[in-house]
Amino acid sequence: MLKVLKSGFYSSVQDKGRFGYRAYGVPRSGAMDAYSADFANALLGNDASAAVIEMTMVGGKFQFLESTFIVISGADMSPAINGNAVKQNTIIPINANTVVDFGNALLGFRTYVAIKGGFRSELVLESRSQYNEITTSAKLCKGDVIKYMPFARSYNAANAVVKYNKTIWTLNIIEVYQGPEFNWLSDVQKNQLFTTEFKVSKLNSRMAYQLTPLLKNDLKPIITSPVLPGTVQLTPSGTLIVLMRDCQTTGGYPRILQLTENAINSLGQKTIENSINLRLIE
Amino acid sequence: MSYNLKFSRYNKCSILIDWPSEIDENILNSILNFKTSILNHYSKQNVEVVNTYNSILVIYDVAVENINAEFKRLKSLFKLQDRIEKPEIKIWEIPVCYNEEYGIDLDNLALKKQCSKSEIITLHSKVIYTVFFIGFLPGFLYLGGLDPKLYFNRKSTPNLNIKKGAVAIGGQQTGIYPQNSPGGWHIIGQTPVTLFNVDHNPPCFVKAGDKLKFKSIDKLEFLKLKKRFAKDAFTPKFSSTNA
């Protein structure tokens, strides 16, 4: 079992999210930066759907009650075991009762801890991703315990040579496709979209990231329609809202752009005041 | 009726199909028939289908490599849909207590509409509503059929904590809050029914295309039903029809 000694700013268990429940209004959820979560799982030889811990901005402190192996990936939160720094993106053997401690995110915004075999937290509607009113709690709290299968034997990590590609989230370029209402935009608006340096506003969460500055806009709302993580909505006031992993299933603002999967992962590593440039791809 | 559908790629894993941009029951029926034929064709593990007023979004669990071949396959499924069996439509009876204790905005609504509270309750509970789709929150039903006399603009400042089960009016819509949440609609009553429960399969007993009717109950009945619904995996009464 893992014991949460400190939860950090916002930490939650995440996997690939819920597939097949959107028709009941249930969001997809899942790791914000799926690239880092997948990387950590792959290194351990886990299935891509294995549950990981996602930490945001300020990391937590966790005690592993049984021996196992973990991989830390994503943002650098200066991970340490008994006060000694440990490396990210490499397999770390964990002895029983080891405490792993994280600090503030130095580069990037979200850090992942994957464990051999995956975390066995509660499974609700076929996923362990924590979400308000779906799982018992929306995030991890001090004192929570999460089950995992102990793993004592050393093993040959076949995937240990895979290299972590940091550039996908250190680059400021966010690649987008045209959204369903893209052609409602004027040429001036289109030009502005792809020449402006946007910044992540303080309104950023697992549900959505708002961008500044505003885009001059007189487009009307649309009839409520499907949206997905990565959909960029343009509100009547001109705010660009990029929907993220925990977004609602439907929305009423024009859907002008759609982020690529890599772009969603990259944006999930950005925080307030970070700059981005949108780039249209075919 | 035949519609000119627009097929487009939404992202690597999904395809958007658009009908004319209107709220219309004939469009809904066309959408739901197509949705059924898509769901019959694919495994639920590989494809999920959601609908709204005038769209279907088909989401695949892997990237769609040959998008044109997939458009073609969907179009041929659309042509087949006349032959599919129409799904059973349920008419749910949702008990609502319109007491001022629960319908906290009912007084104000009656004042603004210059009518009595009982007129509002009658207008609200005599209609058979159509469930167009579920969205916004898990278990939130988009209902069509509100009497135009009850149309009322949303509040400019939302309530921060609307209670689970609150029955409300916002703009041209009426709905039920499936969980405690902030919201800008006017609360006219409360239902003891739980609309969304993760321990049930499916988690919401209502599906797109079903019908729904509100039944006015008093506080005593409300409290009795609330106890009953909390104890058992209880769903409200319904009757069935084949549309």
# chains A, B, ... in the order shown; residues from 1 in each chain; ligands from 1

call {"tool": "residues_around", "arguments": {"residues": "stretch 167-175 of chain A", "least_positions_apart": "5", "cutoff": "8 Å", "atoms": "only C-alpha atoms", "output": "ChimeraX atom specification"}}
result
/A:108,259-260,262-263,265-267,269,275-281

call {"tool": "residues_around", "arguments": {"residues": "stretch 208-215 of chain A", "least_positions_apart": "2", "cutoff": "8 Å", "atoms": "only C-alpha atoms", "output": "PDB file with N, CA and C atoms, in the first residue's frame"}}
result
ATOM      1  N   GLN A 189      -9.485  37.438 -37.842  1.00  0.00           N
ATOM      2  CA  GLN A 189      -9.414  36.567 -36.657  1.00  0.00           C
ATOM      3  C   GLN A 189      -8.444  35.403 -36.875  1.00  0.00           C
ATOM      4  N   GLN A 192      -4.980  36.664 -36.611  1.00  0.00           N
ATOM      5  CA  GLN A 192      -4.654  36.940 -35.203  1.00  0.00           C
ATOM      6  C   GLN A 192      -4.335  35.653 -34.436  1.00  0.00           C
ATOM      7  N   LEU A 193      -5.143  34.605 -34.725  1.00  0.00           N
ATOM      8  CA  LEU A 193      -4.968  33.330 -34.007  1.00  0.00           C
ATOM      9  C   LEU A 193      -3.563  32.769 -34.174  1.00  0.00           C
ATOM     10  N   PHE A 198       0.002  33.809 -27.286  1.00  0.00           N
ATOM     11  CA  PHE A 198      -0.988  33.708 -26.214  1.00  0.00           C
ATOM     12  C   PHE A 198      -0.303  33.291 -24.923  1.00  0.00           C
ATOM     13  N   LYS A 199      -0.973  33.646 -23.811  1.00  0.00           N
ATOM     14  CA  LYS A 199      -0.468  33.214 -22.512  1.00  0.00           C
ATOM     15  C   LYS A 199      -1.541  32.426 -21.784  1.00  0.00           C
ATOM     16  N   VAL A 200      -1.102  31.467 -20.975  1.00  0.00           N
ATOM     17  CA  VAL A 200      -2.028  30.697 -20.147  1.00  0.00           C
ATOM     18  C   VAL A 200      -2.500  31.615 -19.022  1.00  0.00           C
ATOM     19  N   SER A 201      -3.826  31.733 -18.856  1.00  0.00           N
ATOM     20  CA  SER A 201      -4.358  32.608 -17.816  1.00  0.00           C
ATOM     21  C   SER A 201      -4.336  31.880 -16.479  1.00  0.00           C
ATOM     22  N   LYS A 202      -4.701  32.594 -15.410  1.00  0.00           N
ATOM     23  CA  LYS A 202      -4.743  31.931 -14.098  1.00  0.00           C
ATOM     24  C   LYS A 202      -5.885  30.926 -14.039  1.00  0.00           C
ATOM     25  N   LEU A 203      -6.849  31.048 -14.950  1.00  0.00           N
ATOM     26  CA  LEU A 203      -7.941  30.077 -15.000  1.00  0.00           C
ATOM     27  C   LEU A 203      -7.499  28.871 -15.819  1.00  0.00           C
ATOM     28  N   ASN A 204      -6.722  28.003 -15.178  1.00  0.00           N
ATOM     29  CA  ASN A 204      -6.319  26.770 -15.854  1.00  0.00           C
ATOM     30  C   ASN A 204      -6.482  25.616 -14.875  1.00  0.00           C
ATOM     31  N   SER A 205      -7.048  24.524 -15.362  1.00  0.00           N
ATOM     32  CA  SER A 205      -7.312  23.372 -14.497  1.00  0.00           C
ATOM     33  C   SER A 205      -7.383  22.121 -15.363  1.00  0.00           C
ATOM     34  N   ARG A 206      -7.703  21.007 -14.751  1.00  0.00           N
ATOM     35  CA  ARG A 206      -7.832  19.770 -15.522  1.00  0.00           C
ATOM     36  C   ARG A 206      -9.029  19.840 -16.474  1.00  0.00           C
ATOM     37  N   ASN A 217     -14.262  39.340 -31.115  1.00  0.00           N
ATOM     38  CA  ASN A 217     -15.209  38.332 -31.580  1.00  0.00           C
ATOM     39  C   ASN A 217     -16.656  38.811 -31.564  1.00  0.00           C
ATOM     40  N   SER A 237     -17.368  36.894 -25.434  1.00  0.00           N
ATOM     41  CA  SER A 237     -16.478  37.970 -24.965  1.00  0.00           C
ATOM     42  C   SER A 237     -15.093  37.881 -25.599  1.00  0.00           C
ATOM     43  N   GLY A 238     -14.830  36.819 -26.385  1.00  0.00           N
ATOM     44  CA  GLY A 238     -13.551  36.692 -27.073  1.00  0.00           C
ATOM     45  C   GLY A 238     -12.510  35.874 -26.335  1.00  0.00           C
ATOM     46  N   THR A 239     -12.926  35.181 -25.275  1.00  0.00           N
ATOM     47  CA  THR A 239     -11.976  34.325 -24.549  1.00  0.00           C
ATOM     48  C   THR A 239     -11.788  33.006 -25.298  1.00  0.00           C
ATOM     49  N   LEU A 240     -10.517  32.599 -25.422  1.00  0.00           N
ATOM     50  CA  LEU A 240     -10.235  31.278 -25.985  1.00  0.00           C
ATOM     51  C   LEU A 240     -10.163  30.302 -24.827  1.00  0.00           C
ATOM     52  N   ILE A 241     -11.018  29.275 -24.874  1.00  0.00           N
ATOM     53  CA  ILE A 241     -11.026  28.245 -23.829  1.00  0.00           C
ATOM     54  C   ILE A 241     -10.589  26.930 -24.460  1.00  0.00           C
ATOM     55  N   VAL A 242      -9.451  26.406 -23.989  1.00  0.00           N
ATOM     56  CA  VAL A 242      -8.990  25.110 -24.478  1.00  0.00           C
ATOM     57  C   VAL A 242      -9.478  24.051 -23.501  1.00  0.00           C
ATOM     58  N   LEU A 243     -10.352  23.174 -23.959  1.00  0.00           N
ATOM     59  CA  LEU A 243     -10.883  22.134 -23.086  1.00  0.00           C
ATOM     60  C   LEU A 243      -9.810  21.071 -22.858  1.00  0.00           C
ATOM     61  N   MET A 244      -9.725  20.604 -21.604  1.00  0.00           N
ATOM     62  CA  MET A 244      -8.704  19.618 -21.274  1.00  0.00           C
ATOM     63  C   MET A 244      -9.361  18.290 -20.858  1.00  0.00           C
ATOM     64  N   ARG A 245      -8.576  17.386 -20.247  1.00  0.00           N
ATOM     65  CA  ARG A 245      -9.026  15.984 -20.071  1.00  0.00           C
ATOM     66  C   ARG A 245     -10.336  15.831 -19.303  1.00  0.00           C
ATOM     67  N   ASP A 246     -10.597  16.699 -18.306  1.00  0.00           N
ATOM     68  CA  ASP A 246     -11.807  16.565 -17.488  1.00  0.00           C
ATOM     69  C   ASP A 246     -12.981  17.386 -18.022  1.00  0.00           C
ATOM     70  N   CYS A 247     -12.929  17.809 -19.275  1.00  0.00           N
ATOM     71  CA  CYS A 247     -13.969  18.715 -19.782  1.00  0.00           C
ATOM     72  C   CYS A 247     -15.327  18.029 -19.884  1.00  0.00           C
TER      73      CYS A 247
END

call {"tool": "interface_residues", "arguments": {"of": "chain A", "to": "chain B", "cutoff": "8 Å", "atoms": "only C-alpha atoms", "output": "list in words"}}
result
Phe19, Gly20, Arg22, Ala23, Tyr24, Gly25, Val26, Pro27, Val124, Leu125, Glu133, Ile134, Tyr177, Gly179, Pro180, Ile223, Thr224, Ser225, Pro226, Gln248, Thr249, Thr250, Gly251, Gln258 and Thr260 of chain A

call {"tool": "atom_distance", "arguments": {"atom1": "atom CA of B:Phe132", "atom2": "atom CA of B:Arg73"}}
result
25.5 Å

call {"tool": "closest_residue", "arguments": {"among": "B:Trp19, B:Tyr98, B:Tyr3, B:Phe34", "to": "B:Ala166", "atoms": "only C-alpha atoms"}}
result
B:Tyr98

call {"tool": "select_by_dssp", "arguments": {"residues": "stretch 68-209 of chain B", "states": "strand (DSSP E)", "output": "number ranges by chain"}}
result
B: 88-97, 129-134, 141-144, 159-162, 166-170, 173-176, 181-183, 186-190

call {"tool": "write_last_selection", "arguments": {"atoms": "C-alpha atoms", "output": "PDB file, in the first residue's frame"}}
result
ATOM      1  CA  GLU B  88     -38.393   0.887 -26.995  1.00  0.00           C
ATOM      2  CA  ILE B  89     -39.184   4.375 -25.698  1.00  0.00           C
ATOM      3  CA  LYS B  90     -39.873   4.763 -22.002  1.00  0.00           C
ATOM      4  CA  ILE B  91     -42.008   7.511 -20.489  1.00  0.00           C
ATOM      5  CA  TRP B  92     -40.587   8.215 -17.028  1.00  0.00           C
ATOM      6  CA  GLU B  93     -42.683   9.694 -14.263  1.00  0.00           C
ATOM      7  CA  ILE B  94     -40.485  11.987 -12.164  1.00  0.00           C
ATOM      8  CA  PRO B  95     -42.059  13.015  -8.835  1.00  0.00           C
ATOM      9  CA  VAL B  96     -41.384  16.661  -7.933  1.00  0.00           C
ATOM     10  CA  CYS B  97     -42.177  18.554  -4.747  1.00  0.00           C
ATOM     11  CA  TYR B 129     -40.893  16.168 -22.393  1.00  0.00           C
ATOM     12  CA  THR B 130     -38.457  14.560 -24.826  1.00  0.00           C
ATOM     13  CA  VAL B 131     -34.931  13.673 -23.694  1.00  0.00           C
ATOM     14  CA  PHE B 132     -32.696  14.921 -26.541  1.00  0.00           C
ATOM     15  CA  PHE B 133     -29.402  13.884 -24.938  1.00  0.00           C
ATOM     16  CA  ILE B 134     -27.377  13.830 -21.713  1.00  0.00           C
ATOM     17  CA  LEU B 141     -30.907  15.593 -19.288  1.00  0.00           C
ATOM     18  CA  TYR B 142     -31.466  18.054 -22.133  1.00  0.00           C
ATOM     19  CA  LEU B 143     -35.276  18.157 -22.266  1.00  0.00           C
ATOM     20  CA  GLY B 144     -37.402  19.555 -25.079  1.00  0.00           C
ATOM     21  CA  ASN B 159     -26.292  30.193  -7.353  1.00  0.00           C
ATOM     22  CA  LEU B 160     -23.140  28.653  -5.949  1.00  0.00           C
ATOM     23  CA  ASN B 161     -24.804  25.623  -4.460  1.00  0.00           C
ATOM     24  CA  ILE B 162     -27.857  24.196  -6.124  1.00  0.00           C
ATOM     25  CA  ALA B 166     -33.340  20.572  -8.005  1.00  0.00           C
ATOM     26  CA  VAL B 167     -35.825  21.048 -10.862  1.00  0.00           C
ATOM     27  CA  ALA B 168     -35.222  24.321 -12.659  1.00  0.00           C
ATOM     28  CA  ILE B 169     -36.025  26.584 -15.600  1.00  0.00           C
ATOM     29  CA  GLY B 170     -33.347  28.420 -17.613  1.00  0.00           C
ATOM     30  CA  GLN B 173     -35.212  24.801 -21.099  1.00  0.00           C
ATOM     31  CA  THR B 174     -36.152  22.888 -17.986  1.00  0.00           C
ATOM     32  CA  GLY B 175     -33.905  20.379 -16.267  1.00  0.00           C
ATOM     33  CA  ILE B 176     -32.908  18.483 -13.147  1.00  0.00           C
ATOM     34  CA  SER B 181     -23.478  22.191  -8.406  1.00  0.00           C
ATOM     35  CA  PRO B 182     -23.376  25.900  -9.169  1.00  0.00           C
ATOM     36  CA  GLY B 183     -25.964  26.995 -11.730  1.00  0.00           C
ATOM     37  CA  HIS B 186     -34.458  29.264 -11.483  1.00  0.00           C
ATOM     38  CA  ILE B 187     -35.289  26.501  -8.987  1.00  0.00           C
ATOM     39  CA  ILE B 188     -38.983  25.570  -8.937  1.00  0.00           C
ATOM     40  CA  GLY B 189     -38.915  22.244  -7.081  1.00  0.00           C
ATOM     41  CA  GLN B 190     -36.976  19.150  -6.148  1.00  0.00           C
TER      42      GLN B 190
END

call {"tool": "closest_residue", "arguments": {"among": "B:Ala110, B:Ile27, B:Ile17, B:Leu220", "to": "B:Phe152", "atoms": "only C-alpha atoms"}}
result
B:Ala110

call {"tool": "select_by_dssp", "arguments": {"residues": "stretch 61-243 of chain B", "states": "alpha helix (DSSP H)", "output": "VMD selection string"}}
result
chain B and resid 67 to 80 106 to 113 117 to 125 219 to 231

call {"tool": "atom_distance", "arguments": {"atom1": "atom CA of B:Gln172", "atom2": "atom CA of B:Leu146"}}
result
6.7 Å
